[in-house]
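Enquirer: Data: query13.tsv, TSV, C-alpha atoms.
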chain	number	residue	atom	x	y	z
A	2	MET	CA	52.81	-21.45	-23.59
A	3	PRO	CA	50.88	-20.24	-26.65
A	4	ARG	CA	47.68	-22.14	-27.32
A	5	LYS	CA	48.88	-23.56	-30.66
A	6	GLU	CA	52.12	-24.91	-29.13
A	7	ALA	CA	50.24	-26.37	-26.17
A	8	GLN	CA	47.78	-28.06	-28.51
A	9	THR	CA	50.63	-29.54	-30.57
A	10	GLU	CA	52.31	-30.84	-27.44
A	11	ASN	CA	49.02	-32.40	-26.32
A	12	PHE	CA	48.57	-34.06	-29.73
A	13	ASP	CA	52.09	-35.52	-29.56
A	14	ARG	CA	51.42	-36.91	-26.08
A	15	LEU	CA	48.17	-38.50	-27.16
A	16	ASP	CA	49.71	-39.91	-30.33
A	17	TYR	CA	52.29	-41.67	-28.16
A	18	LYS	CA	49.61	-43.06	-25.86
A	19	ALA	CA	47.51	-44.23	-28.80
A	20	ASP	CA	50.48	-45.98	-30.40
A	21	ALA	CA	51.38	-47.72	-27.13
A	22	SER	CA	47.80	-48.90	-26.61
A	23	ILE	CA	47.51	-50.13	-30.19
A	24	ARG	CA	50.66	-52.20	-29.79
A	25	LYS	CA	49.50	-53.60	-26.44
A	26	HIS	CA	45.91	-54.51	-27.30
A	27	ARG	CA	45.65	-54.70	-31.09
A	28	THR	CA	48.84	-56.34	-32.35
A	29	ALA	CA	50.41	-59.79	-32.26
A	30	ASN	CA	53.46	-61.52	-33.68
A	31	VAL	CA	52.74	-63.82	-36.61
A	32	THR	CA	54.70	-65.88	-39.09
A	33	VAL	CA	53.48	-65.61	-42.68
A	34	THR	CA	54.44	-68.03	-45.42
A	35	VAL	CA	53.81	-66.86	-48.98
A	36	PHE	CA	53.28	-69.60	-51.57
A	37	LYS	CA	53.64	-69.53	-55.33
A	38	LYS	CA	50.93	-70.86	-57.64
A	39	ASP	CA	52.52	-74.31	-57.53
A	40	HIS	CA	52.13	-74.24	-53.72
A	41	THR	CA	55.86	-74.06	-53.04
A	42	PRO	CA	57.12	-71.34	-50.68
A	43	LEU	CA	58.24	-68.09	-52.26
A	44	THR	CA	61.90	-67.42	-51.46
A	45	HIS	CA	64.36	-64.58	-51.99
A	46	GLN	CA	61.65	-62.23	-53.25
A	47	GLU	CA	60.46	-58.85	-52.01
A	48	ILE	CA	56.76	-58.75	-51.16
A	49	VAL	CA	54.41	-55.95	-50.14
A	50	VAL	CA	52.04	-56.45	-47.20
A	51	ALA	CA	49.21	-53.92	-46.92
A	52	GLN	CA	46.30	-53.96	-44.51
A	53	ARG	CA	42.97	-53.87	-46.33
A	54	ASN	CA	40.58	-53.88	-43.40
A	55	HIS	CA	40.38	-54.23	-39.65
A	56	LYS	CA	38.23	-56.26	-37.27
A	57	PHE	CA	37.82	-53.14	-35.15
A	58	LEU	CA	34.94	-50.97	-36.41
A	59	LEU	CA	36.00	-47.40	-37.06
A	60	GLY	CA	32.95	-45.68	-38.46
A	61	CYS	CA	31.08	-42.50	-39.24
A	62	THR	CA	27.60	-41.33	-40.17
A	63	GLY	CA	26.94	-41.58	-43.87
A	64	PHE	CA	23.84	-39.43	-44.18
A	65	GLU	CA	25.36	-37.48	-47.08
A	66	ILE	CA	25.63	-40.71	-49.09
A	67	ILE	CA	21.85	-41.03	-49.49
A	68	PRO	CA	21.37	-38.47	-52.31
A	69	LEU	CA	24.54	-39.69	-54.04
A	70	ALA	CA	23.49	-43.34	-53.91
A	71	ASN	CA	20.06	-42.44	-55.28
A	72	GLY	CA	21.33	-40.40	-58.22
A	73	GLU	CA	19.84	-37.17	-56.90
A	74	LEU	CA	22.93	-34.98	-57.33
A	75	VAL	CA	24.41	-33.22	-60.35
A	76	GLY	CA	27.27	-30.86	-61.06
A	77	ALA	CA	29.30	-29.43	-58.20
A	78	ALA	CA	27.10	-31.07	-55.55
A	79	LYS	CA	27.74	-34.50	-57.05
A	80	ALA	CA	31.47	-33.86	-57.34
A	81	ARG	CA	31.61	-32.76	-53.70
A	82	ALA	CA	29.68	-35.84	-52.56
A	83	GLU	CA	31.95	-38.14	-54.54
A	84	GLN	CA	35.02	-36.51	-53.01
A	85	LEU	CA	33.53	-36.89	-49.54
A	86	ASN	CA	32.71	-40.53	-50.18
A	87	GLU	CA	36.25	-41.22	-51.40
A	88	LYS	CA	37.66	-39.93	-48.12
A	89	LEU	CA	34.99	-41.71	-46.12
A	90	SER	CA	35.68	-45.06	-47.80
A	91	ASP	CA	39.41	-44.65	-47.30
A	92	LEU	CA	39.22	-43.78	-43.60
A	93	PHE	CA	36.30	-45.78	-42.22
A	94	ASN	CA	35.19	-49.41	-42.32
A	95	PHE	CA	31.54	-49.06	-41.31
A	96	ILE	CA	28.80	-46.47	-41.76
A	97	THR	CA	25.66	-45.48	-39.85
A	98	LEU	CA	22.52	-44.62	-41.83
A	99	PRO	CA	19.59	-42.61	-40.35
A	100	PHE	CA	16.24	-44.14	-39.42
A	101	TYR	CA	14.78	-41.33	-37.31
A	102	TRP	CA	11.11	-42.21	-37.48
A	103	GLY	CA	9.82	-38.67	-37.91
A	104	ARG	CA	12.01	-38.21	-41.00
A	105	PHE	CA	11.90	-41.77	-42.29
A	106	GLU	CA	8.09	-41.90	-42.20
A	107	PRO	CA	6.73	-38.35	-41.78
A	108	GLN	CA	3.42	-39.53	-43.26
A	109	ARG	CA	2.11	-42.80	-41.91
A	110	GLY	CA	2.36	-45.61	-44.42
A	111	HIS	CA	4.91	-43.83	-46.61
A	112	PRO	CA	8.38	-44.76	-45.28
A	113	ASP	CA	11.57	-43.79	-47.10
A	114	THR	CA	12.47	-47.45	-47.50
A	115	ARG	CA	13.57	-47.46	-51.13
A	116	ARG	CA	16.09	-44.61	-50.80
A	117	LEU	CA	17.61	-46.18	-47.68
A	118	ILE	CA	17.76	-49.63	-49.28
A	119	ASN	CA	19.55	-48.09	-52.27
A	120	SER	CA	21.98	-46.37	-49.92
A	121	ALA	CA	22.67	-49.48	-47.86
A	122	GLN	CA	23.11	-51.54	-51.03
A	123	TRP	CA	25.49	-48.91	-52.41
A	124	LEU	CA	27.66	-49.19	-49.28
A	125	VAL	CA	27.55	-52.98	-49.02
A	126	GLU	CA	28.59	-53.30	-52.66
A	127	ARG	CA	31.68	-51.31	-51.74
A	128	GLY	CA	32.46	-53.62	-48.84
A	129	ILE	CA	31.27	-51.28	-46.07
A	130	PRO	CA	28.95	-52.74	-43.40
A	131	VAL	CA	26.08	-50.56	-42.19
A	132	LYS	CA	24.43	-49.84	-38.85
A	133	GLY	CA	20.89	-48.43	-38.62
A	134	HIS	CA	20.16	-45.70	-36.08
A	135	PRO	CA	17.69	-45.64	-34.30
A	136	LEU	CA	14.62	-47.89	-34.28
A	137	CYS	CA	13.03	-46.40	-31.16
A	138	TRP	CA	13.73	-42.89	-29.84
A	139	HIS	CA	11.54	-40.24	-28.27
A	140	THR	CA	13.30	-37.44	-30.18
A	141	VAL	CA	12.61	-37.00	-33.92
A	142	THR	CA	9.83	-39.57	-33.64
A	143	ALA	CA	6.70	-39.56	-35.78
A	144	ASP	CA	4.31	-36.74	-34.94
A	145	TRP	CA	1.32	-38.77	-36.09
A	146	LEU	CA	1.74	-41.06	-33.07
A	147	MET	CA	0.13	-38.30	-30.99
A	148	GLU	CA	-3.21	-39.10	-32.59
A	149	MET	CA	-3.16	-42.62	-31.08
A	150	ASN	CA	-3.72	-44.11	-27.66
A	151	ASN	CA	-0.84	-45.90	-25.94
A	152	THR	CA	-1.91	-49.38	-27.03
A	153	ASP	CA	-1.90	-48.32	-30.67
A	154	ILE	CA	1.43	-46.51	-30.30
A	155	ILE	CA	3.04	-49.67	-28.92
A	156	GLN	CA	1.65	-51.72	-31.79
A	157	ALA	CA	2.84	-49.16	-34.34
A	158	GLN	CA	6.33	-49.00	-32.82
A	159	VAL	CA	6.68	-52.79	-32.73
A	160	ALA	CA	5.45	-53.07	-36.32
A	161	ARG	CA	7.86	-50.35	-37.39
A	162	ILE	CA	10.82	-52.19	-35.86
A	163	GLN	CA	9.83	-55.51	-37.41
A	164	ARG	CA	9.31	-53.88	-40.81
A	165	GLU	CA	12.68	-52.12	-40.93
A	166	VAL	CA	14.73	-54.99	-39.51
A	167	ALA	CA	13.11	-57.47	-41.93
A	168	ASP	CA	13.23	-55.17	-44.99
A	169	PHE	CA	16.93	-54.45	-44.53
A	170	ALA	CA	18.08	-57.93	-43.43
A	171	GLY	CA	21.26	-58.81	-45.28
A	172	LEU	CA	22.03	-55.15	-45.91
A	173	ILE	CA	21.77	-53.81	-42.38
A	174	ASP	CA	22.26	-56.41	-39.68
A	175	MET	CA	23.35	-54.06	-36.89
A	176	TRP	CA	20.83	-51.75	-35.21
A	177	ASP	CA	20.59	-49.22	-32.40
A	178	VAL	CA	17.30	-50.65	-31.15
A	179	ILE	CA	16.58	-48.05	-28.48
A	180	ASN	CA	18.27	-44.69	-28.06
A	181	GLU	CA	18.56	-42.81	-24.76
A	182	VAL	CA	16.09	-44.83	-22.73
A	183	VAL	CA	17.43	-43.58	-19.38
A	184	ILE	CA	15.80	-40.19	-19.93
A	185	MET	CA	12.96	-41.50	-22.11
A	186	PRO	CA	10.10	-41.73	-19.57
A	187	ILE	CA	10.95	-38.39	-17.93
A	188	TYR	CA	11.70	-36.44	-21.09
A	189	ASP	CA	9.80	-33.15	-20.76
A	190	LYS	CA	10.94	-30.83	-23.56
A	191	TYR	CA	7.84	-31.73	-25.55
A	192	ASP	CA	5.14	-34.40	-25.55
A	193	ASN	CA	5.68	-37.40	-27.82
A	194	GLY	CA	4.30	-40.88	-28.32
A	195	ILE	CA	7.43	-42.81	-27.30
A	196	THR	CA	7.79	-41.10	-23.93
A	197	ARG	CA	4.11	-41.86	-23.30
A	198	ILE	CA	4.48	-45.61	-23.84
A	199	CYS	CA	7.76	-45.73	-21.91
A	200	ARG	CA	5.99	-44.24	-18.92
A	201	GLU	CA	3.35	-46.95	-19.21
A	202	LEU	CA	5.65	-49.92	-19.88
A	203	GLY	CA	8.57	-48.72	-17.80
A	204	ARG	CA	12.15	-48.75	-19.03
A	205	PHE	CA	12.62	-52.50	-18.71
A	206	GLY	CA	9.29	-53.27	-20.35
A	207	THR	CA	10.02	-50.90	-23.23
A	208	ILE	CA	13.48	-52.36	-23.81
A	209	ARG	CA	12.21	-55.93	-23.70
A	210	THR	CA	9.35	-55.18	-26.10
A	211	MET	CA	11.57	-53.44	-28.67
A	212	PHE	CA	14.46	-55.90	-28.50
A	213	GLU	CA	12.12	-58.88	-28.86
A	214	ALA	CA	10.50	-57.22	-31.89
A	215	ALA	CA	13.88	-56.68	-33.55
A	216	ARG	CA	15.15	-60.17	-32.67
A	217	SER	CA	12.02	-61.81	-34.09
A	218	ALA	CA	12.54	-60.04	-37.42
A	219	ASN	CA	16.23	-60.95	-37.75
A	220	PRO	CA	17.53	-63.43	-35.15
A	221	SER	CA	21.13	-63.03	-36.35
A	222	ALA	CA	21.20	-59.22	-36.12
A	223	ILE	CA	23.55	-57.39	-33.76
A	224	LEU	CA	21.33	-55.32	-31.47
A	225	LEU	CA	22.53	-52.35	-29.42
A	226	LEU	CA	21.20	-50.50	-26.42
A	227	ASN	CA	22.50	-46.95	-26.81
A	228	ASP	CA	22.64	-43.93	-24.49
A	229	PHE	CA	24.44	-40.66	-23.82
A	230	ASP	CA	23.76	-40.96	-20.07
A	231	VAL	CA	26.88	-42.66	-18.70
A	232	SER	CA	25.93	-42.21	-15.06
A	233	PRO	CA	25.35	-45.19	-12.74
A	234	ALA	CA	21.70	-45.02	-13.84
A	235	TYR	CA	22.70	-46.51	-17.22
A	236	GLU	CA	24.78	-49.24	-15.59
A	237	ILE	CA	21.89	-50.15	-13.29
A	238	LEU	CA	19.50	-50.18	-16.23
A	239	ILE	CA	21.75	-52.54	-18.20
A	240	GLU	CA	22.23	-54.83	-15.21
A	241	GLY	CA	18.49	-54.96	-14.64
A	242	CYS	CA	17.87	-55.86	-18.28
A	243	LEU	CA	20.46	-58.62	-18.25
A	244	GLU	CA	19.22	-60.04	-14.95
A	245	ALA	CA	15.74	-60.10	-16.53
A	246	GLY	CA	17.08	-62.14	-19.45
A	247	ILE	CA	16.90	-59.41	-22.10
A	248	LYS	CA	19.56	-60.25	-24.67
A	249	ILE	CA	21.71	-57.22	-25.51
A	250	ASP	CA	24.54	-57.79	-27.95
A	251	VAL	CA	26.39	-54.49	-27.63
A	252	ILE	CA	26.36	-51.58	-25.21
A	253	GLY	CA	26.36	-48.25	-27.04
A	254	ILE	CA	27.96	-45.24	-25.35
A	255	GLN	CA	27.59	-41.74	-26.79
A	256	SER	CA	30.16	-39.14	-25.81
A	257	HIS	CA	28.05	-36.01	-26.15
A	258	MET	CA	31.04	-33.71	-26.25
A	259	HIS	CA	28.90	-30.77	-27.30
A	260	GLN	CA	27.82	-30.91	-23.65
A	261	GLY	CA	31.41	-30.78	-22.44
A	262	TYR	CA	34.80	-32.13	-23.46
A	263	TRP	CA	35.63	-35.64	-22.23
A	264	GLY	CA	39.32	-36.09	-22.88
A	265	VAL	CA	41.33	-39.29	-22.71
A	266	ASP	CA	41.18	-39.95	-18.98
A	267	LYS	CA	37.40	-39.58	-18.69
A	268	THR	CA	36.83	-41.68	-21.81
A	269	LEU	CA	38.99	-44.52	-20.52
A	270	ALA	CA	37.41	-44.39	-17.08
A	271	ILE	CA	33.90	-44.67	-18.55
A	272	LEU	CA	34.87	-47.56	-20.83
A	273	ASP	CA	36.45	-49.40	-17.91
A	274	ARG	CA	33.32	-48.93	-15.78
A	275	PHE	CA	31.10	-50.58	-18.36
A	276	ALA	CA	33.68	-53.28	-19.15
A	277	ARG	CA	32.71	-55.20	-16.00
A	278	LEU	CA	29.64	-56.55	-17.80
A	279	GLN	CA	30.38	-60.12	-18.81
A	280	PRO	CA	28.90	-62.62	-21.29
A	281	ALA	CA	26.51	-65.15	-19.82
A	282	ASP	CA	27.14	-67.68	-22.57
A	283	SER	CA	30.22	-68.94	-24.37
A	284	LEU	CA	32.57	-66.32	-25.75
A	285	HIS	CA	32.75	-68.38	-28.92
A	286	ARG	CA	29.15	-67.61	-29.80
A	287	LYS	CA	28.67	-65.10	-32.59
A	288	HIS	CA	26.74	-62.80	-30.30
A	289	ALA	CA	27.67	-63.22	-26.66
A	290	ARG	CA	24.82	-62.45	-24.29
A	291	LEU	CA	25.90	-60.15	-21.49
A	292	ARG	CA	25.43	-60.51	-17.79
A	293	PRO	CA	26.49	-58.21	-14.94
A	294	SER	CA	29.75	-59.02	-13.21
A	295	HIS	CA	30.27	-57.49	-9.77
A	296	ALA	CA	33.90	-58.51	-9.48
A	297	ALA	CA	36.19	-55.52	-9.89
A	298	GLY	CA	39.52	-57.24	-9.47
A	299	ASP	CA	41.09	-59.14	-12.35
A	300	ARG	CA	41.14	-56.85	-15.38
A	301	GLY	CA	42.06	-59.69	-17.69
A	302	SER	CA	38.89	-61.61	-16.84
A	303	GLN	CA	36.80	-58.57	-17.73
A	304	ARG	CA	37.75	-58.46	-21.39
A	305	LEU	CA	35.77	-60.12	-24.11
A	306	SER	CA	36.78	-61.68	-27.39
A	307	GLY	CA	33.24	-61.31	-28.70
A	308	ARG	CA	31.17	-58.21	-29.48
A	309	ARG	CA	30.93	-55.93	-26.54
A	310	MET	CA	30.89	-52.15	-26.52
A	311	ALA	CA	30.59	-49.43	-29.14
A	312	HIS	CA	31.60	-45.82	-28.61
A	313	ASP	CA	29.61	-43.20	-30.53
A	314	ALA	CA	31.59	-39.96	-30.56
A	315	ARG	CA	29.30	-36.97	-30.88
A	316	ARG	CA	30.99	-33.91	-32.34
A	317	GLY	CA	31.80	-31.01	-30.05
A	318	SER	CA	30.79	-27.45	-30.90
A	319	ALA	CA	33.06	-25.32	-33.06
A	320	SER	CA	34.52	-23.64	-29.98
A	321	SER	CA	34.85	-26.82	-27.97
A	322	PRO	CA	38.20	-28.60	-27.53
A	323	GLY	CA	36.22	-31.77	-28.16
A	324	SER	CA	35.81	-31.01	-31.84
A	325	GLY	CA	38.03	-31.93	-34.77
A	326	ALA	CA	41.46	-33.44	-34.39
A	327	ALA	CA	41.54	-33.32	-30.59
A	328	LEU	CA	38.46	-35.55	-30.53
A	329	GLN	CA	40.12	-38.00	-32.90
A	330	ASN	CA	43.16	-38.17	-30.62
A	331	ASP	CA	41.02	-39.00	-27.62
A	332	LEU	CA	39.14	-41.70	-29.49
A	333	LEU	CA	42.24	-43.37	-30.85
A	334	SER	CA	43.73	-43.51	-27.39
A	335	SER	CA	40.56	-44.93	-25.87
A	336	ARG	CA	39.66	-47.31	-28.68
A	337	CYS	CA	42.71	-49.44	-27.96
A	338	ARG	CA	41.96	-49.81	-24.26
A	339	GLY	CA	41.19	-53.49	-24.61
A	340	ASP	CA	39.26	-55.92	-26.73
A	341	TYR	CA	36.00	-55.16	-24.97
A	342	VAL	CA	35.70	-52.04	-27.16
A	343	VAL	CA	34.59	-53.20	-30.60
A	344	GLY	CA	33.97	-49.95	-32.45
A	345	ILE	CA	33.93	-46.17	-32.61
A	346	ALA	CA	31.72	-43.99	-34.79
A	347	ARG	CA	32.12	-40.29	-35.46
A	348	ARG	CA	29.01	-38.13	-35.63
A	349	ARG	CA	30.21	-36.17	-38.68
A	350	LEU	CA	33.27	-35.95	-40.88
A	351	ALA	CA	35.93	-33.33	-40.19
A	352	GLU	CA	36.16	-30.48	-42.68
A	353	GLY	CA	38.92	-28.38	-44.21
A	354	ALA	CA	42.29	-28.39	-42.50
A	355	LEU	CA	41.16	-31.03	-40.01
A	356	TRP	CA	41.13	-33.66	-42.76
A	357	SER	CA	44.90	-34.06	-42.86
A	358	ARG	CA	45.04	-34.52	-39.09
A	359	SER	CA	42.08	-36.90	-39.00
A	360	GLU	CA	43.42	-38.93	-41.89
A	361	ARG	CA	46.81	-39.43	-40.28
A	362	LEU	CA	45.29	-40.45	-36.95
A	363	LEU	CA	42.73	-42.79	-38.46
A	364	GLN	CA	45.27	-44.46	-40.71
A	365	GLN	CA	47.50	-44.93	-37.67
A	366	ALA	CA	44.67	-46.73	-35.90
A	367	ARG	CA	44.39	-49.22	-38.75
A	368	LEU	CA	48.07	-50.18	-38.74
Show how you would write the structure in this file as structure tokens.
Expert:
Amino acid sequence: MPRKEAQTENFDRLDYKADASIRKHRTANVTVTVFKKDHTPLTHQEIVVAQRNHKFLLGCTGFEIIPLANGELVGAAKARAEQLNEKLSDLFNFITLPFYWGRFEPQRGHPDTRRLINSAQWLVERGIPVKGHPLCWHTVTADWLMEMNNTDIIQAQVARIQREVADFAGLIDMWDVINEVVIMPIYDKYDNGITRICRELGRFGTIRTMFEAARSANPSAILLLNDFDVSPAYEILIEGCLEAGIKIDVIGIQSHMHQGYWGVDKTLAILDRFARLQPADSLHRKHARLRPSHAAGDRGSQRLSGRRMAHDARRGSASSPGSGAALQNDLLSSRCRGDYVVGIARRRLAEGALWSRSERLLQQARL
């Protein structure tokens, strides 16, 4: 079968699976009564019902918004950014803004706070919630940390977390606190301050220190532990944190498809593996604390009604089947697995001909 026909057949199969999962996990029968201004029921009239938003978070990075929100663009560049934002606002209901320390504060004491506040405010005013990524990561961290000893690096990292979480409270109340901590203490591509302190504190000590710093600055924030390593090492790390009483609101999972295509089956299997983690406190709390659950039997008891798991879809390479519309298909099938998955974020927006495909799939997910 020619590649194009095979791809179309695969899309159709995945569309069917996505639709079935949406109906199973994300729909319910309701009775709606429409009242007139005098509070009497409206009868014998045609009405239009249109969905305006969705509890499920379907998001994307919004790095390109920063120059637009700060009035830094003119001419064709501004027109292009406005067009991109129009599509972004139509398709997604949350946005991730960048807080990579080495770019956010390349010179110590001179953070890019104002531009990011303007950008977050710009999004919030348009009804789009924002997530900040990341507060602590060994990659793209500040080079000037290398001039410090470990004690000073820890103090600087804690102060940085508290500063950002406090400065953006009310605009950004959802944060990737630590990114890729499984590899953090053994990262060897180049020396950096965060790997140094993680080796000293250990993974658990680093996570506890950074989460406590973020929680102290904004107790109502939603705080994520995020990683691309989906091996048992990540599960064990999470279980150890929860057993130690470290409060994690959401588990972040990155599908680094530029390292190899996942596909629907692998995505669902990974989500189901991490779904066994259960809340320690009442599900009715705004942020359910998680605890490990070793029971693997009753699937229904493993689902949560509270915040639980976020899937960060990293774009595949141009030659990878994980890029573009195929990636969207996989995500829309997996995102409806159950109510323990609370959100999906794309790494970048699709371009060109992929827009029509992405738009149809994303709109389908919101129905």
Enquirer: Calculated over all atoms listed in the file, which of the candidates A:Ile198, A:Ala346, A:Val178, A:Leu243 has the smallest distance to Asn150 in chain A?
Expert: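 Looking only at the distances to Asn150 in chain A, the closest residue turns out to be A:Ile198.
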Enquirer: Calculated over only C-alpha atoms, which of the candidates A:Trp263, A:Trp145, A:Trp123, A:Trp176 has the smallest distance to Arg104 in chain A?
Expert: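 Among A:Trp263, A:Trp145, A:Trp123, A:Trp176, it is A:Trp145 that comes nearest to Arg104 in chain A.
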Enquirer: Near Glu87 in chain A, within 12 Å and counting all atoms listed in the file, which residues show up once chain neighbours fewer than 5 positions away are dropped, as a ChimeraX atom specification?
Expert: /A:63,66,80-82,92-93,124,127
Enquirer: Please produce an output containing C-alpha atoms for each residue in the selection, written as a PDB file, in the frame of the given file.
Expert:
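File produced: again.pdb:
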ATOM      1  CA  GLY A  63      26.940 -41.580 -43.870  1.00  0.00           C
ATOM      2  CA  ILE A  66      25.630 -40.710 -49.090  1.00  0.00           C
ATOM      3  CA  ALA A  80      31.470 -33.860 -57.340  1.00  0.00           C
ATOM      4  CA  ARG A  81      31.610 -32.760 -53.700  1.00  0.00           C
ATOM      5  CA  ALA A  82      29.680 -35.840 -52.560  1.00  0.00           C
ATOM      6  CA  LEU A  92      39.220 -43.780 -43.600  1.00  0.00           C
ATOM      7  CA  PHE A  93      36.300 -45.780 -42.220  1.00  0.00           C
ATOM      8  CA  LEU A 124      27.660 -49.190 -49.280  1.00  0.00           C
ATOM      9  CA  ARG A 127      31.680 -51.310 -51.740  1.00  0.00           C
TER      10      ARG A 127
END
Enquirer: Could you list, as a VMD selection string, every residue within 12 Å of range 181-183 of chain A, counting only C-alpha atoms and ignoring same-chain residues fewer than 5 positions away?
Expert: chain A and resid 134 to 140 188 195 to 196 198 to 200 202 to 209 211 225 to 239 252 to 255 257
Enquirer: Of the candidates A:Lys248, A:His111, A:Arg274, A:Arg53, which shows the shortest atom-to-atom distance to Gly128 in chain A, using only C-alpha atoms?
Expert: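 When distances to Gly128 in chain A are compared using only C-alpha atoms, the smallest one comes from A:Arg53.
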Enquirer: Can you list, as a PyMOL selection string, every protein, DNA or RNA residue that comes within 9 Å of Gly103 in chain A when you count only C-alpha atoms, leaving out same-chain residues fewer than 3 positions away?
Expert: chain A and resi 100+106-108+140-145
Enquirer: Return the single residue from A:Thr152, A:Phe105, A:Ser256, A:Asp189 that is closest to Leu269 in chain A, with distances computed using all atoms listed in the file.
Expert: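 Among A:Thr152, A:Phe105, A:Ser256, A:Asp189, it is A:Ser256 that comes nearest to Leu269 in chain A.
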Enquirer: For Asp273 in chain A, which of A:Gln52, A:Ile247, A:Val342, A:Leu85 is the closest residue, counting only C-alpha atoms?
Expert: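 Among the listed residues, A:Val342 lies closest to Asp273 in chain A.
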Enquirer: At what distance in Å, to one decimal, does CA of Trp102 in chain A lie from CA of Phe169 in chain A?
Expert: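 CA of Trp102 in chain A lies 15.3 Å from CA of Phe169 in chain A.
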Enquirer: Would you work out the distance separating CA of Val49 in chain A from CA of Pro130 in chain A, expressed in Å to one decimal?
Expert: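 CA of Pro130 in chain A lies at a distance of 26.5 Å from CA of Val49 in chain A.
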Enquirer: Considering all atoms listed in the file, return as a PyMOL selection string whatever protein or nucleic-acid residues lie within 9 Å of Ile96 in chain A, sequence-local ones (same chain, fewer than 2 positions apart) excluded.
Expert: chain A and resi 59-64+89+93-94+98+124+129-133+346
Enquirer: Just to confirm, what's the straight-line distance from CA of Arg116 in chain A to CA of Asp168 in chain A in Å (one decimal)?
Expert: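 Interatomic distance here is 12.4 Å.
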Enquirer: Looking at all atoms listed in the file, which of A:Ala270, A:Leu224, A:Val125, A:Ala70 is the one that sits closest to Val251 in chain A?
Expert: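 Result for the nearest residue to Val251 in chain A: A:Leu224.
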Enquirer: Would you list the residues near (19.4, -58.0, -43.1) (no more than 12 Å away, in the coordinates of the file, using all atoms listed in the file) as a PyMOL selection string?
Expert: chain A and resi 118+121-122+125+130-133+163-176+215-216+218-223
